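As stored in data-v4.tsv (TSV, C-alpha atoms):
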chain	number	residue	atom	x	y	z
A	428	MET	CA	-34.46	29.00	14.59
A	429	GLN	CA	-31.13	28.33	16.30
A	430	CYS	CA	-32.51	25.15	17.85
A	431	ALA	CA	-33.68	23.97	14.44
A	432	LEU	CA	-30.28	24.64	12.86
A	433	TYR	CA	-28.57	22.90	15.76
A	434	GLY	CA	-30.86	19.90	15.32
A	435	LEU	CA	-30.12	19.71	11.60
A	436	LEU	CA	-26.38	19.88	12.32
A	437	ILE	CA	-26.59	17.04	14.84
A	438	PHE	CA	-28.60	14.96	12.36
A	439	ALA	CA	-26.11	15.60	9.56
A	440	VAL	CA	-23.13	14.70	11.72
A	441	SER	CA	-24.77	11.58	13.14
A	442	HIS	CA	-26.00	10.50	9.70
A	443	SER	CA	-22.51	10.94	8.24
A	444	ALA	CA	-20.92	9.01	11.09
A	445	HIS	CA	-23.53	6.26	10.79
A	446	ALA	CA	-22.79	5.90	7.08
A	447	GLU	CA	-19.15	5.08	7.90
A	448	TRP	CA	-19.95	2.45	10.52
A	449	GLU	CA	-19.32	-1.18	9.65
A	450	LEU	CA	-21.14	-3.20	12.27
A	451	ASN	CA	-20.86	-6.62	10.66
A	452	LEU	CA	-18.11	-8.81	9.25
A	453	THR	CA	-16.87	-8.09	5.74
A	454	GLU	CA	-18.23	-10.75	3.41
A	455	GLY	CA	-15.01	-10.67	1.42
A	456	VAL	CA	-13.86	-11.77	-2.03
A	457	THR	CA	-12.67	-15.31	-1.37
A	458	GLU	CA	-14.45	-18.60	-0.81
A	459	ILE	CA	-13.02	-18.85	2.70
A	460	SER	CA	-14.16	-15.32	3.56
A	461	ARG	CA	-17.70	-16.15	2.45
A	462	ASP	CA	-17.64	-19.39	4.47
A	463	VAL	CA	-16.52	-17.43	7.52
A	464	TYR	CA	-19.21	-14.82	6.92
A	465	ASP	CA	-21.92	-17.48	6.51
A	466	MET	CA	-20.71	-19.23	9.67
A	467	HIS	CA	-20.78	-15.94	11.55
A	468	MET	CA	-24.34	-15.18	10.45
A	469	PHE	CA	-25.46	-18.74	11.26
A	470	VAL	CA	-24.12	-18.47	14.82
A	471	LEU	CA	-25.47	-14.94	15.18
A	472	TRP	CA	-29.01	-16.04	14.36
A	473	ILE	CA	-28.71	-18.97	16.76
A	474	CYS	CA	-27.72	-16.50	19.47
A	475	VAL	CA	-30.64	-14.25	18.52
A	476	TRP	CA	-33.01	-17.22	18.74
A	477	ILE	CA	-31.61	-18.22	22.14
A	478	GLY	CA	-31.96	-14.65	23.36
A	479	VAL	CA	-35.56	-14.39	22.18
A	480	VAL	CA	-36.51	-17.71	23.84
A	481	VAL	CA	-34.68	-17.08	27.13
A	482	PHE	CA	-35.66	-13.45	27.62
A	483	GLY	CA	-39.15	-14.14	26.30
A	484	ALA	CA	-39.61	-16.86	28.95
A	485	MET	CA	-38.23	-14.55	31.63
A	486	ILE	CA	-40.49	-11.65	30.67
A	487	TYR	CA	-43.53	-13.92	30.39
A	488	SER	CA	-42.82	-15.44	33.81
A	489	MET	CA	-42.35	-12.05	35.46
A	490	ILE	CA	-45.63	-10.75	34.05
A	491	LYS	CA	-47.76	-13.90	34.33
A	492	HIS	CA	-46.58	-15.06	37.74
A	493	ARG	CA	-45.99	-11.79	39.56
A	494	LYS	CA	-46.87	-11.51	43.26
A	495	SER	CA	-49.47	-8.78	42.66
A	496	LYS	CA	-51.64	-11.38	40.90
A	497	GLY	CA	-51.53	-13.58	43.98
A	498	VAL	CA	-49.41	-16.31	42.41
A	499	LYS	CA	-47.76	-18.60	44.95
A	500	PRO	CA	-44.14	-19.71	44.27
A	501	ALA	CA	-43.52	-23.36	43.38
A	502	THR	CA	-42.16	-25.61	46.11
A	503	PHE	CA	-40.29	-28.22	44.02
A	504	SER	CA	-36.49	-28.42	44.44
A	505	HIS	CA	-35.54	-29.81	41.06
A	506	SER	CA	-36.82	-31.30	37.82
A	507	THR	CA	-35.04	-34.18	36.13
A	508	MET	CA	-36.80	-33.43	32.84
A	509	ALA	CA	-35.73	-29.75	32.93
A	510	GLU	CA	-32.11	-30.75	33.59
A	511	ILE	CA	-32.17	-33.16	30.66
A	512	VAL	CA	-33.67	-30.53	28.38
A	513	TRP	CA	-31.22	-27.76	29.26
A	514	THR	CA	-28.32	-30.20	28.82
A	515	VAL	CA	-29.39	-31.83	25.55
A	516	ILE	CA	-30.46	-28.66	23.74
A	517	PRO	CA	-27.19	-26.71	24.33
A	518	PHE	CA	-25.21	-29.84	23.38
A	519	ALA	CA	-27.15	-30.14	20.12
A	520	ILE	CA	-26.63	-26.43	19.40
A	521	LEU	CA	-22.87	-26.71	19.98
A	522	VAL	CA	-22.59	-29.75	17.70
A	523	THR	CA	-24.62	-27.96	15.03
A	524	MET	CA	-22.15	-25.05	15.15
A	525	ALA	CA	-19.01	-27.16	15.55
A	526	VAL	CA	-19.40	-29.27	12.41
A	527	PRO	CA	-19.38	-26.44	9.82
A	528	ALA	CA	-16.84	-24.47	11.89
A	529	ALA	CA	-14.41	-27.42	11.92
A	530	LYS	CA	-14.88	-27.90	8.17
A	531	THR	CA	-14.03	-24.22	7.54
A	532	LEU	CA	-10.99	-24.32	9.84
A	533	ILE	CA	-9.62	-27.40	8.08
A	534	GLU	CA	-10.03	-25.67	4.70
A	535	MET	CA	-8.27	-22.55	5.99
A	536	GLU	CA	-5.20	-24.59	6.97
A	537	ASP	CA	-4.95	-26.59	3.72
A	538	THR	CA	-2.15	-24.94	1.72
A	539	SER	CA	-1.62	-27.90	-0.61
A	540	ASP	CA	-1.83	-27.68	-4.42
A	541	SER	CA	-0.98	-23.97	-4.49
A	542	ASP	CA	-0.17	-22.20	-7.78
A	543	ILE	CA	2.03	-19.42	-6.35
A	544	THR	CA	4.07	-19.15	-3.14
A	545	VAL	CA	4.87	-15.77	-1.61
A	546	LYS	CA	7.19	-15.40	1.36
A	547	ILE	CA	6.21	-12.55	3.69
A	548	THR	CA	8.73	-11.18	6.18
A	549	GLY	CA	7.71	-8.58	8.73
A	550	HIS	CA	10.16	-5.83	9.63
A	551	GLN	CA	9.68	-2.82	11.85
A	552	TRP	CA	7.73	-1.25	10.15
A	553	LYS	CA	7.37	-2.64	6.65
A	554	TRP	CA	6.70	-5.86	4.78
A	555	GLU	CA	9.09	-7.77	2.54
A	556	TYR	CA	7.56	-9.87	-0.22
A	557	GLU	CA	9.41	-12.57	-2.15
A	558	TYR	CA	7.77	-14.58	-4.93
A	559	LEU	CA	9.50	-17.92	-4.50
A	560	ASP	CA	8.43	-19.17	-7.95
A	561	SER	CA	10.01	-16.27	-9.86
A	562	GLY	CA	12.55	-14.71	-7.48
A	563	VAL	CA	10.90	-11.27	-7.50
A	564	LYS	CA	11.53	-9.55	-4.18
A	565	PHE	CA	10.75	-6.09	-2.80
A	566	ILE	CA	9.93	-4.07	0.31
A	567	SER	CA	6.50	-2.51	0.86
A	568	SER	CA	6.44	0.53	3.16
A	569	LEU	CA	4.02	3.24	4.19
A	570	HIS	CA	3.42	5.67	1.31
A	571	PRO	CA	5.48	8.90	1.57
A	572	ASP	CA	2.33	11.06	1.51
A	573	SER	CA	1.02	9.38	4.66
A	574	ARG	CA	4.44	9.46	6.30
A	575	GLU	CA	4.84	13.18	5.68
A	576	ALA	CA	1.34	13.94	6.98
A	577	ALA	CA	2.03	11.92	10.13
A	578	VAL	CA	4.99	14.12	11.13
A	579	LEU	CA	4.08	16.59	13.87
A	580	ASP	CA	3.89	20.21	12.71
A	581	SER	CA	4.18	19.10	9.08
A	582	GLY	CA	1.35	21.44	8.11
A	583	ILE	CA	-0.30	18.63	6.13
A	584	ASP	CA	-3.87	17.74	7.01
A	585	PRO	CA	-4.12	13.92	7.22
A	586	ASN	CA	-7.71	14.18	5.97
A	587	SER	CA	-6.35	15.52	2.68
A	588	VAL	CA	-4.28	12.36	2.08
A	589	ASP	CA	-6.03	9.56	0.20
A	590	ASN	CA	-6.11	6.33	2.23
A	591	TYR	CA	-4.12	7.91	5.05
A	592	LEU	CA	-1.98	5.24	6.77
A	593	LEU	CA	-3.52	2.62	4.47
A	594	GLU	CA	-1.41	3.17	1.33
A	595	VAL	CA	2.02	1.79	0.45
A	596	ASP	CA	4.76	2.57	-2.03
A	597	ASN	CA	4.97	-1.00	-3.42
A	598	PRO	CA	1.74	-3.04	-3.23
A	599	LEU	CA	1.62	-6.82	-3.34
A	600	VAL	CA	0.34	-7.90	-6.78
A	601	LEU	CA	-1.56	-11.19	-7.04
A	602	PRO	CA	-3.62	-12.87	-9.79
A	603	VAL	CA	-7.28	-13.72	-9.34
A	604	GLY	CA	-8.41	-17.33	-9.65
A	605	LYS	CA	-5.10	-18.80	-8.44
A	606	LYS	CA	-4.41	-20.49	-5.11
A	607	ILE	CA	-1.70	-18.44	-3.41
A	608	ARG	CA	0.27	-19.88	-0.52
A	609	PHE	CA	1.87	-17.49	1.96
A	610	VAL	CA	4.77	-18.41	4.22
A	611	LEU	CA	5.30	-15.89	7.00
A	612	THR	CA	8.16	-14.99	9.30
A	613	ALA	CA	9.69	-11.87	10.85
A	614	SER	CA	13.14	-10.42	11.35
A	615	ASP	CA	12.70	-8.64	14.68
A	616	VAL	CA	9.43	-8.82	16.64
A	617	ILE	CA	6.06	-10.51	16.17
A	618	HIS	CA	3.91	-9.02	13.41
A	619	ALA	CA	0.60	-10.24	11.93
A	620	TRP	CA	-0.45	-10.10	8.27
A	621	TRP	CA	-4.18	-9.40	7.96
A	622	VAL	CA	-6.45	-8.51	5.02
A	623	PRO	CA	-10.13	-8.51	6.08
A	624	GLU	CA	-11.56	-9.15	2.60
A	625	PHE	CA	-9.54	-12.39	2.40
A	626	ALA	CA	-10.50	-13.54	5.92
A	627	ILE	CA	-6.91	-14.53	6.62
A	628	LYS	CA	-4.65	-13.41	9.45
A	629	LYS	CA	-1.52	-15.09	10.68
A	630	ASP	CA	1.33	-14.11	13.00
A	631	ALA	CA	4.80	-13.54	11.53
A	632	ILE	CA	7.19	-14.74	14.25
A	633	PRO	CA	11.01	-14.48	14.21
A	634	GLY	CA	12.56	-17.92	13.82
A	635	PHE	CA	9.28	-19.60	12.83
A	636	ILE	CA	7.47	-20.21	9.55
A	637	ASN	CA	3.67	-19.97	9.47
A	638	GLU	CA	1.48	-20.75	6.47
A	639	MET	CA	-1.85	-19.60	5.09
A	640	TRP	CA	-3.47	-19.28	1.67
A	641	THR	CA	-6.03	-17.39	-0.36
A	642	LYS	CA	-7.74	-17.54	-3.73
A	643	ILE	CA	-9.10	-14.16	-4.79
A	644	ASP	CA	-12.25	-14.14	-6.91
A	645	GLU	CA	-12.53	-10.47	-7.85
A	646	GLU	CA	-10.02	-7.96	-9.22
A	647	GLY	CA	-9.49	-4.88	-7.12
A	648	VAL	CA	-7.43	-3.21	-4.39
A	649	TYR	CA	-7.65	-4.71	-0.92
A	650	ARG	CA	-6.18	-3.15	2.20
A	651	GLY	CA	-5.12	-4.49	5.57
A	652	GLN	CA	-2.77	-3.78	8.43
A	653	CYS	CA	-0.34	-5.39	10.82
A	654	ALA	CA	-2.68	-6.80	13.47
A	655	GLU	CA	-0.04	-7.28	16.17
A	656	LEU	CA	1.20	-4.56	18.50
A	657	CYS	CA	4.75	-4.60	17.12
A	658	GLY	CA	6.08	-1.44	18.75
A	659	ARG	CA	6.26	2.26	18.07
A	660	ASP	CA	4.79	3.15	14.65
A	661	HIS	CA	2.79	-0.09	14.67
A	662	GLY	CA	-0.02	1.84	12.95
A	663	PHE	CA	2.32	2.76	10.07
A	664	MET	CA	2.53	-0.78	8.69
A	665	PRO	CA	-0.31	-1.15	6.18
A	666	ILE	CA	-0.87	-3.90	3.62
A	667	VAL	CA	-2.13	-3.24	0.09
A	668	VAL	CA	-2.92	-6.03	-2.38
A	669	HIS	CA	-3.64	-5.40	-6.06
A	670	ALA	CA	-5.60	-8.34	-7.45
A	671	THR	CA	-5.28	-8.45	-11.24
A	672	SER	CA	-5.99	-10.75	-14.13
A	673	GLU	CA	-3.50	-13.53	-14.79
A	674	SER	CA	-2.15	-11.82	-17.92
A	675	GLU	CA	-1.60	-8.53	-16.09
A	676	TYR	CA	0.09	-10.39	-13.27
A	677	ASN	CA	2.45	-12.17	-15.69
A	678	ASP	CA	3.32	-8.85	-17.34
A	679	TRP	CA	4.04	-7.34	-13.94
A	680	ILE	CA	6.29	-10.25	-12.93
A	681	SER	CA	8.23	-9.92	-16.20
A	682	ALA	CA	8.68	-6.18	-15.66
A	683	GLN	CA	9.89	-6.74	-12.09
A	684	MET	CA	12.41	-9.35	-13.22
A	685	ALA	CA	13.72	-7.04	-15.94
A	686	ALA	CA	14.00	-4.16	-13.46
A	687	ALA	CA	15.91	-6.37	-11.02
A	688	GLU	CA	18.34	-7.41	-13.76
A	689	ALA	CA	18.92	-3.78	-14.76
A	690	GLU	CA	19.41	-2.87	-11.10
A	691	ALA	CA	22.02	-5.58	-10.65
A	692	GLN	CA	23.96	-4.36	-13.69
A	693	SER	CA	23.83	-0.72	-12.63
A	694	ALA	CA	25.32	-1.56	-9.23
A	695	ASP	CA	28.62	-2.52	-10.90
A	696	ARG	CA	29.31	0.94	-12.34
A	697	GLU	CA	30.70	4.08	-10.68
A	698	TRP	CA	27.98	6.42	-9.41
A	699	ALA	CA	28.23	10.20	-9.27
A	700	MET	CA	27.61	12.07	-6.02
A	701	ASP	CA	24.38	13.70	-7.23
A	702	GLU	CA	22.99	10.30	-8.30
A	703	LEU	CA	23.75	8.78	-4.93
A	704	MET	CA	22.31	11.77	-3.05
A	705	THR	CA	19.06	11.71	-5.03
A	706	ARG	CA	18.62	7.99	-4.55
A	707	GLY	CA	19.83	8.11	-0.96
A	708	GLU	CA	17.26	10.74	-0.04
A	709	LYS	CA	14.50	8.49	-1.38
A	710	VAL	CA	15.83	5.43	0.47
A	711	TYR	CA	16.20	7.45	3.68
A	712	GLY	CA	12.63	8.71	3.36
A	713	THR	CA	11.36	5.15	3.06
A	714	TYR	CA	13.46	3.23	5.58
A	715	CYS	CA	15.08	5.65	8.03
A	716	VAL	CA	12.90	8.71	8.48
A	717	ALA	CA	10.50	7.12	10.97
A	718	CYS	CA	13.27	6.82	13.57
A	719	HIS	CA	15.87	9.42	12.63
A	720	GLN	CA	13.31	12.04	11.47
A	721	PRO	CA	13.39	14.12	8.24
A	722	ASN	CA	16.04	16.45	9.67
A	723	GLY	CA	18.32	13.61	10.80
A	724	GLN	CA	18.06	14.74	14.43
A	725	GLY	CA	16.36	11.56	15.64
A	726	LEU	CA	14.35	11.54	18.86
A	727	GLN	CA	16.24	12.42	22.03
A	728	GLY	CA	16.65	9.42	24.30
A	729	VAL	CA	15.07	7.07	21.76
A	730	PHE	CA	16.74	7.28	18.34
A	731	PRO	CA	20.21	8.86	17.92
A	732	SER	CA	20.93	11.90	15.78
A	733	LEU	CA	22.89	11.53	12.52
A	734	VAL	CA	23.88	15.19	12.39
A	735	GLY	CA	27.45	16.09	13.28
A	736	THR	CA	28.16	12.81	15.09
A	737	GLU	CA	31.49	11.00	15.17
A	738	MET	CA	30.09	8.17	13.07
A	739	SER	CA	28.51	10.44	10.45
A	740	LEU	CA	31.60	12.61	10.05
A	741	ASN	CA	34.60	10.34	10.60
A	742	ASP	CA	33.85	6.64	11.18
A	743	LEU	CA	32.93	5.45	7.67
A	744	ASP	CA	33.61	1.78	8.42
A	745	GLY	CA	31.45	1.93	11.52
A	746	HIS	CA	28.71	3.71	9.58
A	747	ILE	CA	28.66	1.00	6.92
A	748	ASP	CA	28.71	-1.75	9.55
A	749	VAL	CA	25.77	-0.42	11.57
A	750	VAL	CA	23.61	0.11	8.46
A	751	LEU	CA	24.35	-3.37	7.14
A	752	ASN	CA	24.30	-5.33	10.39
A	753	GLY	CA	22.25	-3.22	12.78
A	754	LYS	CA	23.09	-2.68	16.43
A	755	ALA	CA	22.28	-5.29	19.04
A	756	GLY	CA	20.09	-4.18	21.90
A	757	THR	CA	18.62	-1.24	19.99
A	758	ALA	CA	15.88	-0.62	17.44
A	759	MET	CA	18.51	-0.27	14.69
A	760	GLN	CA	17.74	-2.98	12.15
A	761	ALA	CA	20.16	-4.81	9.87
A	762	PHE	CA	19.48	-3.64	6.32
A	763	SER	CA	21.88	-5.97	4.52
A	764	ALA	CA	19.04	-8.34	3.61
A	765	GLN	CA	16.50	-5.59	2.92
A	766	LEU	CA	18.42	-3.29	0.57
A	767	ASN	CA	20.66	-3.91	-2.43
A	768	ASP	CA	24.21	-2.60	-2.76
A	769	ALA	CA	23.18	0.53	-4.66
A	770	ASP	CA	20.54	1.50	-2.10
A	771	LEU	CA	22.92	0.94	0.80
A	772	ALA	CA	25.68	2.96	-0.84
A	773	ALA	CA	23.24	5.74	-1.67
A	774	VAL	CA	21.70	6.08	1.80
A	775	ILE	CA	25.08	6.05	3.56
A	776	THR	CA	26.37	8.68	1.12
A	777	TYR	CA	23.27	10.76	1.76
A	778	GLU	CA	23.56	10.54	5.55
A	779	ARG	CA	27.22	11.60	5.40
A	780	ASN	CA	26.51	14.62	3.22
A	781	ALA	CA	23.05	15.85	4.26
A	782	TRP	CA	22.01	18.28	7.03
A	783	GLY	CA	25.37	20.03	6.95
A	784	ASN	CA	27.51	16.92	7.48
A	785	ASP	CA	29.24	17.63	4.12
A	786	THR	CA	31.99	15.02	4.45
A	787	GLY	CA	32.37	14.69	0.70
A	788	ASP	CA	32.41	10.89	1.06
A	789	VAL	CA	31.10	9.02	-1.97
A	790	ILE	CA	30.35	5.38	-1.19
A	791	GLN	CA	30.08	3.15	-4.24
A	792	PRO	CA	27.97	-0.02	-4.51
A	793	SER	CA	31.20	-1.92	-5.13
A	794	THR	CA	32.38	-0.90	-1.65
A	795	ILE	CA	29.22	-2.36	-0.08
A	796	LYS	CA	29.61	-5.52	-2.17
A	797	ALA	CA	33.18	-5.95	-0.92
A	798	VAL	CA	32.10	-5.54	2.72
A	799	ARG	CA	29.38	-8.18	2.28
A	800	VAL	CA	31.87	-10.88	1.24
A	801	GLN	CA	34.32	-10.21	4.06
Would you put the structure from the file into structure tokens?
Amino acid sequence: MQCALYGLLIFAVSHSAHAEWELNLTEGVTEISRDVYDMHMFVLWICVWIGVVVFGAMIYSMIKHRKSKGVKPATFSHSTMAEIVWTVIPFAILVTMAVPAAKTLIEMEDTSDSDITVKITGHQWKWEYEYLDSGVKFISSLHPDSREAAVLDSGIDPNSVDNYLLEVDNPLVLPVGKKIRFVLTASDVIHAWWVPEFAIKKDAIPGFINEMWTKIDEEGVYRGQCAELCGRDHGFMPIVVHATSESEYNDWISAQMAAAEAEAQSADREWAMDELMTRGEKVYGTYCVACHQPNGQGLQGVFPSLVGTEMSLNDLDGHIDVVLNGKAGTAMQAFSAQLNDADLAAVITYERNAWGNDTGDVIQPSTIKAVRVQ
């Protein structure tokens, strides 16, 4: 009875694991992805055919001409005809594969006649998207639920988090049926933007601009990841694309532009401490917590603590400078281009008043704006 139960358990586990395996390429939702898939299957079947012929000949020869049957080995040293055959046939196979492969590669690199251009900038460890046609710009980071579950001793089971490490706070929204050109770069190290269903992947390199494009055929949510080993927390840099109808996309763009306008106007007013602390906690949780940890203590020998330090308690100018401009030779990024004045003021206010720092300092967006123009 125990053996039977054990056998059923093994079957259930193996069946469940098998159901999650993906042994082949994803066919995808773009014309290019289907071309790549078809090319892959074409080459795969050629390889299968070659394997069947080669191993079939080997097995036949070993059985038919084995020594136990009294077969005497051939005495010839070479065969001109055999050499011609095994040169011409592989050449023909390579040409047969090269022609459609070259056609697909040329199509993949053709970014002309695009309808929308999106600039993608890789940061450790998040993506910045800027729609060059409309001016909409935002940062996409790992979703807080995944970030909290990833913290050691958090008490949160990662299996309970939907799309663990594959969900973001701000997804990239794109319309279906439109040719979308991407221009890619990075601010720190080499990243790579990759969405399997689109069959596109390109490196984002500091100081360089790379290009690629896609045209999505089906609405839906498509997920990817940074495909370059970009440092600690490399696995916390997912990509999420929401493909919508053109009308939904236009409504979303309009809403984003209106929100940006409202944000710009709100930055000119005086903010209360509680407003800055609430917003600052959210900004910290998105941009700073990976290095400095939820308690502000950082990681000894790797990322400095923000609790009770000279900078956090007394050096306000230095605090503002390091958040805006980063610190050379360290992992501390410059956030002046990533965050607006209100976000920067809020996170600095939060860091100077959280975890028992209690300086009472209230940094206004106008202060950040004045520092920018110096």
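Nearest residue to Gly651 in chain A among A:Lys606, A:His669, A:Arg779, A:Lys494 is A:His669, counting all atoms listed in the file.
Taking all atoms listed in the file into account, Cys653 in chain A lies nearest to A:Thr548 out of the set A:Thr548, A:Thr507, A:Ser573, A:Ser681.
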Using the file's own x, y and z axes, so that the box edges lie along x, y and z, what centre and edge lengths in Å (one decimal) does a box around every listed atom of range 706-715 of chain A get when 6 Å is added on each side? Give it as lines of an AutoDock Vina configuration file.
center_x = 15.6
center_y = 7.0
center_z = 1.7
size_x = 20.5
size_y = 19.5
size_z = 24.6
Shell around Asp462 in chain A at 7 Å using only C-alpha atoms, local window under 4 positions removed, as a VMD selection string
chain A and resid 458 466 531
Two-atom distance - CA of Thr757 in chain A, CA of Gly783 in chain A (Å):
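Distance reported for this atom pair: 25.8 Å.
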Atom pair CA of Ile680 in chain A / CA of Ala764 in chain A: separation (Å):
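Computing it gives 21.0 Å between the two atoms.
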Computed interatomic separation between CA of Trp554 in chain A and CA of Ala758 in chain A (Å):
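According to the coordinates, CA of Trp554 in chain A and CA of Ala758 in chain A are separated by 16.5 Å.
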Point out the residue among A:Pro500, A:Ser460, A:Met684, A:Ser561 with the least atom-to-atom distance to Leu532 in chain A, counting all atoms listed in the file.
A:Ser460
Residues within 8 Å of Trp552 in chain A, all atoms listed in the file, excluding chain neighbours under 6 positions, as a list in words
Ser568, Asp660, His661, Phe663 and Met664 of chain A
At a cut-off of 9 Å, using all atoms listed in the file, what residues contact range 643-650 of chain A? Leave out same-chain residues fewer than 2 positions from it and give the result as a PDB file with C-alpha atoms, in the frame of the given file.
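Generated output (selection-v6.pdb):
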ATOM      1  CA  VAL A 456     -13.860 -11.770  -2.030  1.00  0.00           C
ATOM      2  CA  THR A 457     -12.670 -15.310  -1.370  1.00  0.00           C
ATOM      3  CA  GLU A 458     -14.450 -18.600  -0.810  1.00  0.00           C
ATOM      4  CA  LEU A 593      -3.520   2.620   4.470  1.00  0.00           C
ATOM      5  CA  GLU A 594      -1.410   3.170   1.330  1.00  0.00           C
ATOM      6  CA  LEU A 601      -1.560 -11.190  -7.040  1.00  0.00           C
ATOM      7  CA  PRO A 602      -3.620 -12.870  -9.790  1.00  0.00           C
ATOM      8  CA  VAL A 603      -7.280 -13.720  -9.340  1.00  0.00           C
ATOM      9  CA  GLY A 604      -8.410 -17.330  -9.650  1.00  0.00           C
ATOM     10  CA  LYS A 605      -5.100 -18.800  -8.440  1.00  0.00           C
ATOM     11  CA  LYS A 606      -4.410 -20.490  -5.110  1.00  0.00           C
ATOM     12  CA  ILE A 607      -1.700 -18.440  -3.410  1.00  0.00           C
ATOM     13  CA  TRP A 621      -4.180  -9.400   7.960  1.00  0.00           C
ATOM     14  CA  VAL A 622      -6.450  -8.510   5.020  1.00  0.00           C
ATOM     15  CA  PRO A 623     -10.130  -8.510   6.080  1.00  0.00           C
ATOM     16  CA  GLU A 624     -11.560  -9.150   2.600  1.00  0.00           C
ATOM     17  CA  PHE A 625      -9.540 -12.390   2.400  1.00  0.00           C
ATOM     18  CA  THR A 641      -6.030 -17.390  -0.360  1.00  0.00           C
ATOM     19  CA  GLN A 652      -2.770  -3.780   8.430  1.00  0.00           C
ATOM     20  CA  PRO A 665      -0.310  -1.150   6.180  1.00  0.00           C
ATOM     21  CA  ILE A 666      -0.870  -3.900   3.620  1.00  0.00           C
ATOM     22  CA  VAL A 667      -2.130  -3.240   0.090  1.00  0.00           C
ATOM     23  CA  VAL A 668      -2.920  -6.030  -2.380  1.00  0.00           C
ATOM     24  CA  HIS A 669      -3.640  -5.400  -6.060  1.00  0.00           C
ATOM     25  CA  ALA A 670      -5.600  -8.340  -7.450  1.00  0.00           C
ATOM     26  CA  THR A 671      -5.280  -8.450 -11.240  1.00  0.00           C
ATOM     27  CA  SER A 672      -5.990 -10.750 -14.130  1.00  0.00           C
TER      28      SER A 672
END
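Considering the residues A:Ala682, A:Val798, A:Ile617, A:Ala528 and counting all atoms listed in the file, Ile459 in chain A has its shortest atom-to-atom contact with A:Ala528.
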Residue nearest Lys709 in chain A - candidates A:Ala654, A:Ile775, A:Leu740, A:Val563, atoms counted: all atoms listed in the file
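Looking only at the distances to Lys709 in chain A, the closest residue turns out to be A:Ile775.
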Which is closest to Tyr676 in chain A among A:Val595, A:Ala755, A:Leu771, A:Val600, if we use only C-alpha atoms?
A:Val600
Expected residue set, 10 Å radius at (9.0, -4.3, 6.4), all atoms listed in the file, as a VMD selection string:
chain A and resid 547 to 556 565 to 569 613 to 614 618 664 to 665 714 765
